[in-house]
Protein chains: 2
Amino acid sequence: MTIQYAILGLLSWHPFSGYDLKKVFADSAALYWSGNNNQIYTALIQLHKEGLVTRDVQVQESLPAKKIYTITEKGRAALKQWVLSMPELPEFHNTFLIQLTWADLLDSRELDALLASYEDEVRVQLLMQQEKANRQDTSPARTRREAYLSEMISQNLISIYQNELSWIGKVRQGLQHLEKSG
Amino acid sequence: MTIQYAILGLLSWHPFSGYDLKKVFADSAALYWSGNNNQIYTALIQLHKEGLVTRDVQVQESLPAKKIYTITEKGRAALKQWVLSMPELPEFHNTFLIQLTWADLLDSRELDALLASYEDEVRVQLLMQQEKANRQDTSPARTRREAYLSEMISQNLISIYQNELSWIGKVRQGLQHLEKSG
DNA sequence: ATAAGCATGTAAAGCGTTACATGATTTG
DNA sequence: CAAATCATGTAACGCTTTACATGCTTAT
């Protein structure tokens with residue numbers, strides 16, 4: 001449950017309510033969790049129990065009380081320790097590659113249609129990611145280095161999608177060549 | 001639970017026991033499940049219940065009975081239908097990017113060490129993948145097209161790791177430049 | 001002797017998503 | 001009038017991993 005550290009990180013920028021955290025998760029691709037109620041609210045309760053955040057309840061008229069969470073010094077220390085910890089390996093789950101493994105069951109028209117629809121999906125994803133990168137994101141970027149890292153992080157996903165598109169192009173071209181010659 | 005289709009695909013090559021399927025999952029990166037007992041054996045029972053595979057029990061002396069599963073015509077039809085179905089989007093889960101998001105907490109030596117250890121991990125992964133691609137893999141490749149697809153599938157993961165390495169290189173270089181100029 | 005390989009299965013726990021539950025206010 | 005926004009929380013379900021359970025044989 002690394003999501004706790006992601007939440008701790010967001011709280012290191014400024015205090016958040018659970019509801020606002022949900023929105024951050026919803027439109028971030030790097031923060032790959034769905035950001036559903038169950039995850040966010042239980043994680044916040046857990047962080048509070050561990051003393052890594054404090055909770056400030058703002059009672060509102062005609063709306064449920066808003067609970068604002070603020071990171072503690074202990075929380076900042078835990079965050080830094082986690083950031084320093086050994087990186088995990090990235091996980092690439094691509095069900096399409098598994099489909100392709102048995103795509104020899106298809107005729108050439110079906111196969112090319114399959115590749116084309118995957119290409120479309122990836123292209124949409126790339127455009128969304130590029131658009132998001134153009135809009136200023138939620139991060140503060142007080143230092144030049146922080147701004148640079150933020151830029152490189154969104155570049156990472158973009159380059160993965162571009163790599164994927166160029167791979168698809170190669171595959172489709174190769175298949176057409178096989179068709180003609182074979 | 002797409003793992004059922006992956007198993008069905010493997011069985012379309014030739015019959016397998018659960019134990020042998022486990023080994024296939026264990027050394028395949030594209031088949032991204034761990035391939036633990038629970039998944040494999042319950043999936044096989046489920047596939048059998050649905051009539052997509054038949055089971056042949058080979059009693060052995062002084063070893064547990066080996067159960068060999070063979071795909072049925074119904075199973076082949078289900079597999080083809082799945083291969084034709086709309087591709088899912090790939091999922092990239094990279095916890096390291098989340099670490100980097102708050103890496104401005106680190107001094108430049110700590111940050112470069114973090115990047116260096118991630119680079120090492122990715123490089124090892126790439127080498128393993130390249131080595132695996134050189135060894136003949138478990139797939140049969142009866143047609144030229146099947147061989148080509150198989151080649152491109154292992155190329156996909158390799159290109160992702162290469163893309164990742166070139167990204168890390170760019171990040172580290174950019175940070176060194178910031179150090180000198182800033 | 002100890003570990004690894006052969007071979008199957010179940011149980012428990014963790015993590016994640018969807019759906020349920022409530023209820024006022026604002027926007028289309 | 002319906003849908004979205006604000007705001008929190010719980011319940012149920014499903015997938016995945018780890019651990020438990022058994023037990024013989026072969027290699028180090």
# chains A, B, ... in the order shown; residues from 1 in each chain; ligands from 1

call {"tool": "interface_residues", "arguments": {"of": "chain B", "to": "chain A", "cutoff": "6 Å", "atoms": "only C-alpha atoms", "output": "list in words"}}
result
Val83, Pro87, Pro90, Glu91, Phe92, His93, Asn94, Phe96, Gln99, Asp104, Tyr118 and Glu146 of chain B

call {"tool": "interface_residues", "arguments": {"of": "chain D", "to": "chain A", "cutoff": "10 Å", "atoms": "only C-alpha atoms (C1' of nucleotides)", "output": "number ranges by chain"}}
result
D: 6-10

call {"tool": "select_by_dssp", "arguments": {"residues": "region 103-142 of chain A", "states": "helix (DSSP H, G or I)", "output": "ChimeraX atom specification"}}
result
/A:103-105,108-134

call {"tool": "write_last_selection", "arguments": {"atoms": "N, CA, C and O atoms", "output": "CSV table (one decimal), in the first residue's frame"}}
result
chain,number,residue,atom,x,y,z
A,103,ALA,N,-2.3,-14.2,-31.9
A,103,ALA,CA,-3.0,-13.5,-33.0
A,103,ALA,C,-2.8,-14.2,-34.4
A,103,ALA,O,-3.4,-13.8,-35.4
A,104,ASP,N,-2.0,-15.2,-34.4
A,104,ASP,CA,-1.8,-16.0,-35.6
A,104,ASP,C,-3.1,-16.8,-35.9
A,104,ASP,O,-3.3,-17.3,-37.1
A,105,LEU,N,-4.0,-16.8,-35.0
A,105,LEU,CA,-5.4,-17.4,-35.2
A,105,LEU,C,-6.2,-16.5,-36.2
A,105,LEU,O,-7.2,-17.0,-36.7
A,108,SER,N,-5.2,-11.9,-42.0
A,108,SER,CA,-4.4,-10.6,-42.0
A,108,SER,C,-5.3,-9.4,-41.8
A,108,SER,O,-4.8,-8.4,-41.2
A,109,ARG,N,-6.5,-9.4,-42.3
A,109,ARG,CA,-7.4,-8.2,-42.1
A,109,ARG,C,-7.8,-8.1,-40.7
A,109,ARG,O,-7.7,-7.0,-40.1
A,110,GLU,N,-8.2,-9.2,-40.0
A,110,GLU,CA,-8.5,-9.1,-38.6
A,110,GLU,C,-7.3,-8.6,-37.8
A,110,GLU,O,-7.5,-7.8,-36.8
A,111,LEU,N,-6.1,-9.2,-38.1
A,111,LEU,CA,-4.9,-8.8,-37.3
A,111,LEU,C,-4.6,-7.3,-37.5
A,111,LEU,O,-4.3,-6.7,-36.5
A,112,ASP,N,-4.7,-6.8,-38.7
A,112,ASP,CA,-4.4,-5.4,-38.9
A,112,ASP,C,-5.4,-4.5,-38.2
A,112,ASP,O,-5.1,-3.5,-37.6
A,113,ALA,N,-6.7,-5.0,-38.2
A,113,ALA,CA,-7.7,-4.2,-37.5
A,113,ALA,C,-7.4,-4.2,-36.0
A,113,ALA,O,-7.6,-3.1,-35.3
A,114,LEU,N,-7.0,-5.3,-35.4
A,114,LEU,CA,-6.6,-5.3,-34.0
A,114,LEU,C,-5.5,-4.4,-33.7
A,114,LEU,O,-5.6,-3.6,-32.7
A,115,LEU,N,-4.5,-4.4,-34.5
A,115,LEU,CA,-3.3,-3.5,-34.3
A,115,LEU,C,-3.8,-2.0,-34.5
A,115,LEU,O,-3.3,-1.2,-33.7
A,116,ALA,N,-4.7,-1.8,-35.4
A,116,ALA,CA,-5.1,-0.4,-35.6
A,116,ALA,C,-5.9,0.1,-34.4
A,116,ALA,O,-5.8,1.3,-34.0
A,117,SER,N,-6.7,-0.8,-33.8
A,117,SER,CA,-7.5,-0.3,-32.7
A,117,SER,C,-6.7,0.0,-31.5
A,117,SER,O,-6.9,0.9,-30.7
A,118,TYR,N,-5.6,-0.9,-31.3
A,118,TYR,CA,-4.7,-0.6,-30.2
A,118,TYR,C,-3.9,0.7,-30.5
A,118,TYR,O,-3.8,1.5,-29.6
A,119,GLU,N,-3.5,0.9,-31.7
A,119,GLU,CA,-2.8,2.1,-32.1
A,119,GLU,C,-3.7,3.3,-31.7
A,119,GLU,O,-3.2,4.3,-31.2
A,120,ASP,N,-5.0,3.3,-32.1
A,120,ASP,CA,-5.9,4.4,-31.8
A,120,ASP,C,-5.9,4.7,-30.3
A,120,ASP,O,-5.8,5.8,-29.8
A,121,GLU,N,-6.1,3.6,-29.5
A,121,GLU,CA,-6.2,3.8,-28.1
A,121,GLU,C,-4.9,4.4,-27.5
A,121,GLU,O,-5.0,5.3,-26.7
A,122,VAL,N,-3.8,3.9,-28.0
A,122,VAL,CA,-2.5,4.5,-27.4
A,122,VAL,C,-2.4,5.9,-27.9
A,122,VAL,O,-1.9,6.8,-27.1
A,123,ARG,N,-2.8,6.3,-29.1
A,123,ARG,CA,-2.6,7.6,-29.6
A,123,ARG,C,-3.5,8.6,-28.7
A,123,ARG,O,-3.0,9.7,-28.4
A,124,VAL,N,-4.7,8.2,-28.4
A,124,VAL,CA,-5.6,9.0,-27.6
A,124,VAL,C,-4.9,9.2,-26.2
A,124,VAL,O,-4.8,10.3,-25.7
A,125,GLN,N,-4.3,8.2,-25.6
A,125,GLN,CA,-3.7,8.3,-24.4
A,125,GLN,C,-2.5,9.3,-24.4
A,125,GLN,O,-2.3,10.1,-23.5
A,126,LEU,N,-1.7,9.2,-25.5
A,126,LEU,CA,-0.6,10.1,-25.7
A,126,LEU,C,-1.0,11.5,-25.8
A,126,LEU,O,-0.5,12.4,-25.1
A,127,LEU,N,-2.1,11.8,-26.5
A,127,LEU,CA,-2.6,13.1,-26.7
A,127,LEU,C,-3.1,13.7,-25.3
A,127,LEU,O,-2.8,14.8,-25.0
A,128,MET,N,-3.8,12.9,-24.6
A,128,MET,CA,-4.3,13.3,-23.3
A,128,MET,C,-3.1,13.6,-22.4
A,128,MET,O,-3.1,14.6,-21.7
A,129,GLN,N,-2.0,12.8,-22.4
A,129,GLN,CA,-0.9,13.0,-21.6
A,129,GLN,C,-0.2,14.3,-22.0
A,129,GLN,O,0.3,15.1,-21.1
A,130,GLN,N,-0.1,14.5,-23.3
A,130,GLN,CA,0.6,15.7,-23.8
A,130,GLN,C,-0.1,17.0,-23.4
A,130,GLN,O,0.4,18.0,-23.0
A,131,GLU,N,-1.5,16.9,-23.5
A,131,GLU,CA,-2.3,18.0,-23.1
A,131,GLU,C,-2.1,18.3,-21.6
A,131,GLU,O,-2.0,19.5,-21.2
A,132,LYS,N,-2.1,17.3,-20.8
A,132,LYS,CA,-2.0,17.4,-19.4
A,132,LYS,C,-0.6,18.1,-19.1
A,132,LYS,O,-0.5,18.9,-18.1
A,133,ALA,N,0.4,17.7,-19.8
A,133,ALA,CA,1.7,18.3,-19.6
A,133,ALA,C,1.8,19.8,-19.9
A,133,ALA,O,2.5,20.5,-19.3
A,134,ASN,N,1.0,20.2,-20.9
A,134,ASN,CA,1.0,21.6,-21.3
A,134,ASN,C,0.3,22.5,-20.2
A,134,ASN,O,0.8,23.5,-19.9

call {"tool": "closest_atom_pairs", "arguments": {"of": "chain C", "to": "chain A", "cutoff": "10 Å", "atoms": "only C-alpha atoms (C1' of nucleotides)", "output": "CSV"}}
result
residue,atom,partner,partner_atom,distance
C:DG14,C1',A:Met1,CA,9.0
C:DC15,C1',A:Met1,CA,7.2
C:DG16,C1',A:Gln39,CA,8.0
C:DT17,C1',A:Asn36,CA,7.8
C:DT18,C1',A:Asn36,CA,9.3
C:DT22,C1',A:Pro64,CA,9.9
C:DG23,C1',A:Leu63,CA,8.1
C:DA24,C1',A:Ser62,CA,5.6
C:DT25,C1',A:Ser62,CA,8.6

call {"tool": "write_last_selection", "arguments": {"atoms": "N, CA, C and O atoms (P, O5', C5', C4', C3', O3' and C1' of nucleotides)", "output": "CSV table (one decimal), in the first residue's frame"}}
result
chain,number,residue,atom,x,y,z
C,14,DG,P,-3.0,-8.9,6.4
C,14,DG,O5',-2.8,-8.3,4.9
C,14,DG,C5',-1.7,-8.8,4.1
C,14,DG,C4',-1.9,-8.3,2.7
C,14,DG,C3',-2.3,-6.8,2.7
C,14,DG,O3',-1.4,-6.1,1.8
C,14,DG,C1',-3.7,-8.0,1.3
C,15,DC,P,-1.3,-4.6,1.7
C,15,DC,O5',-2.0,-4.3,0.3
C,15,DC,C5',-1.6,-5.0,-0.9
C,15,DC,C4',-2.7,-4.8,-1.9
C,15,DC,C3',-3.2,-3.3,-2.0
C,15,DC,O3',-2.9,-2.9,-3.3
C,15,DC,C1',-5.0,-4.8,-2.0
C,16,DG,P,-3.2,-1.4,-3.8
C,16,DG,O5',-4.5,-1.6,-4.6
C,16,DG,C5',-4.6,-2.5,-5.7
C,16,DG,C4',-6.1,-2.5,-6.2
C,16,DG,C3',-6.7,-1.1,-6.2
C,16,DG,O3',-6.9,-0.7,-7.6
C,16,DG,C1',-8.1,-2.7,-5.2
C,17,DT,P,-7.7,0.6,-8.0
C,17,DT,O5',-9.2,0.0,-8.2
C,17,DT,C5',-9.4,-1.2,-9.0
C,17,DT,C4',-10.9,-1.6,-9.1
C,17,DT,C3',-11.8,-0.4,-9.3
C,17,DT,O3',-12.7,-0.7,-10.4
C,17,DT,C1',-12.5,-1.6,-7.4
C,18,DT,P,-13.8,0.4,-10.9
C,18,DT,O5',-15.1,-0.2,-10.2
C,18,DT,C5',-15.4,-1.6,-10.3
C,18,DT,C4',-16.7,-1.8,-9.6
C,18,DT,C3',-17.8,-0.8,-9.8
C,18,DT,O3',-19.0,-1.5,-10.1
C,18,DT,C1',-17.5,-1.1,-7.5
C,22,DT,P,-29.8,5.4,3.2
C,22,DT,O5',-29.2,6.9,3.5
C,22,DT,C5',-28.2,7.0,4.5
C,22,DT,C4',-27.7,8.5,4.5
C,22,DT,C3',-28.8,9.5,4.0
C,22,DT,O3',-29.1,10.4,5.1
C,22,DT,C1',-26.7,9.9,3.0
C,23,DG,P,-30.5,11.1,5.1
C,23,DG,O5',-30.1,12.5,4.4
C,23,DG,C5',-29.0,13.3,4.9
C,23,DG,C4',-28.7,14.4,4.0
C,23,DG,C3',-29.9,14.9,3.1
C,23,DG,O3',-30.0,16.3,3.1
C,23,DG,C1',-28.1,14.6,1.8
C,24,DA,P,-31.2,17.1,2.9
C,24,DA,O5',-30.6,18.5,2.6
C,24,DA,C5',-29.7,19.1,3.5
C,24,DA,C4',-28.7,19.9,2.7
C,24,DA,C3',-29.3,21.0,1.8
C,24,DA,O3',-28.8,22.3,2.1
C,24,DA,C1',-27.8,19.6,0.6
C,25,DT,P,-29.2,23.5,1.2
C,25,DT,O5',-28.2,23.5,-0.1
C,25,DT,C5',-26.8,23.8,0.1
C,25,DT,C4',-26.2,23.8,-1.2
C,25,DT,C3',-26.8,24.9,-2.2
C,25,DT,O3',-25.7,25.7,-2.7
C,25,DT,C1',-26.6,22.8,-3.3

call {"tool": "select_by_dssp", "arguments": {"residues": "region 44-125 of chain B", "states": "strand (DSSP E)", "output": "number ranges by chain"}}
result
B: 53-60, 63-71, 91-93

call {"tool": "atom_distance", "arguments": {"atom1": "CA of Arg172 (chain A)", "atom2": "CA of Gly75 (chain B)"}}
result
28.0 Å

call {"tool": "closest_residue", "arguments": {"among": "A:Leu165, A:Ile71, A:Ile158, A:Val24", "to": "Val53 (chain A)", "atoms": "only C-alpha atoms"}}
result
A:Ile71

call {"tool": "atom_distance", "arguments": {"atom1": "C1' of DT16 (chain D)", "atom2": "CA of Lys22 (chain B)"}}
result
14.8 Å

call {"tool": "atom_distance", "arguments": {"atom1": "CA of Gly51 (chain B)", "atom2": "CA of Thr72 (chain B)"}}
result
7.3 Å
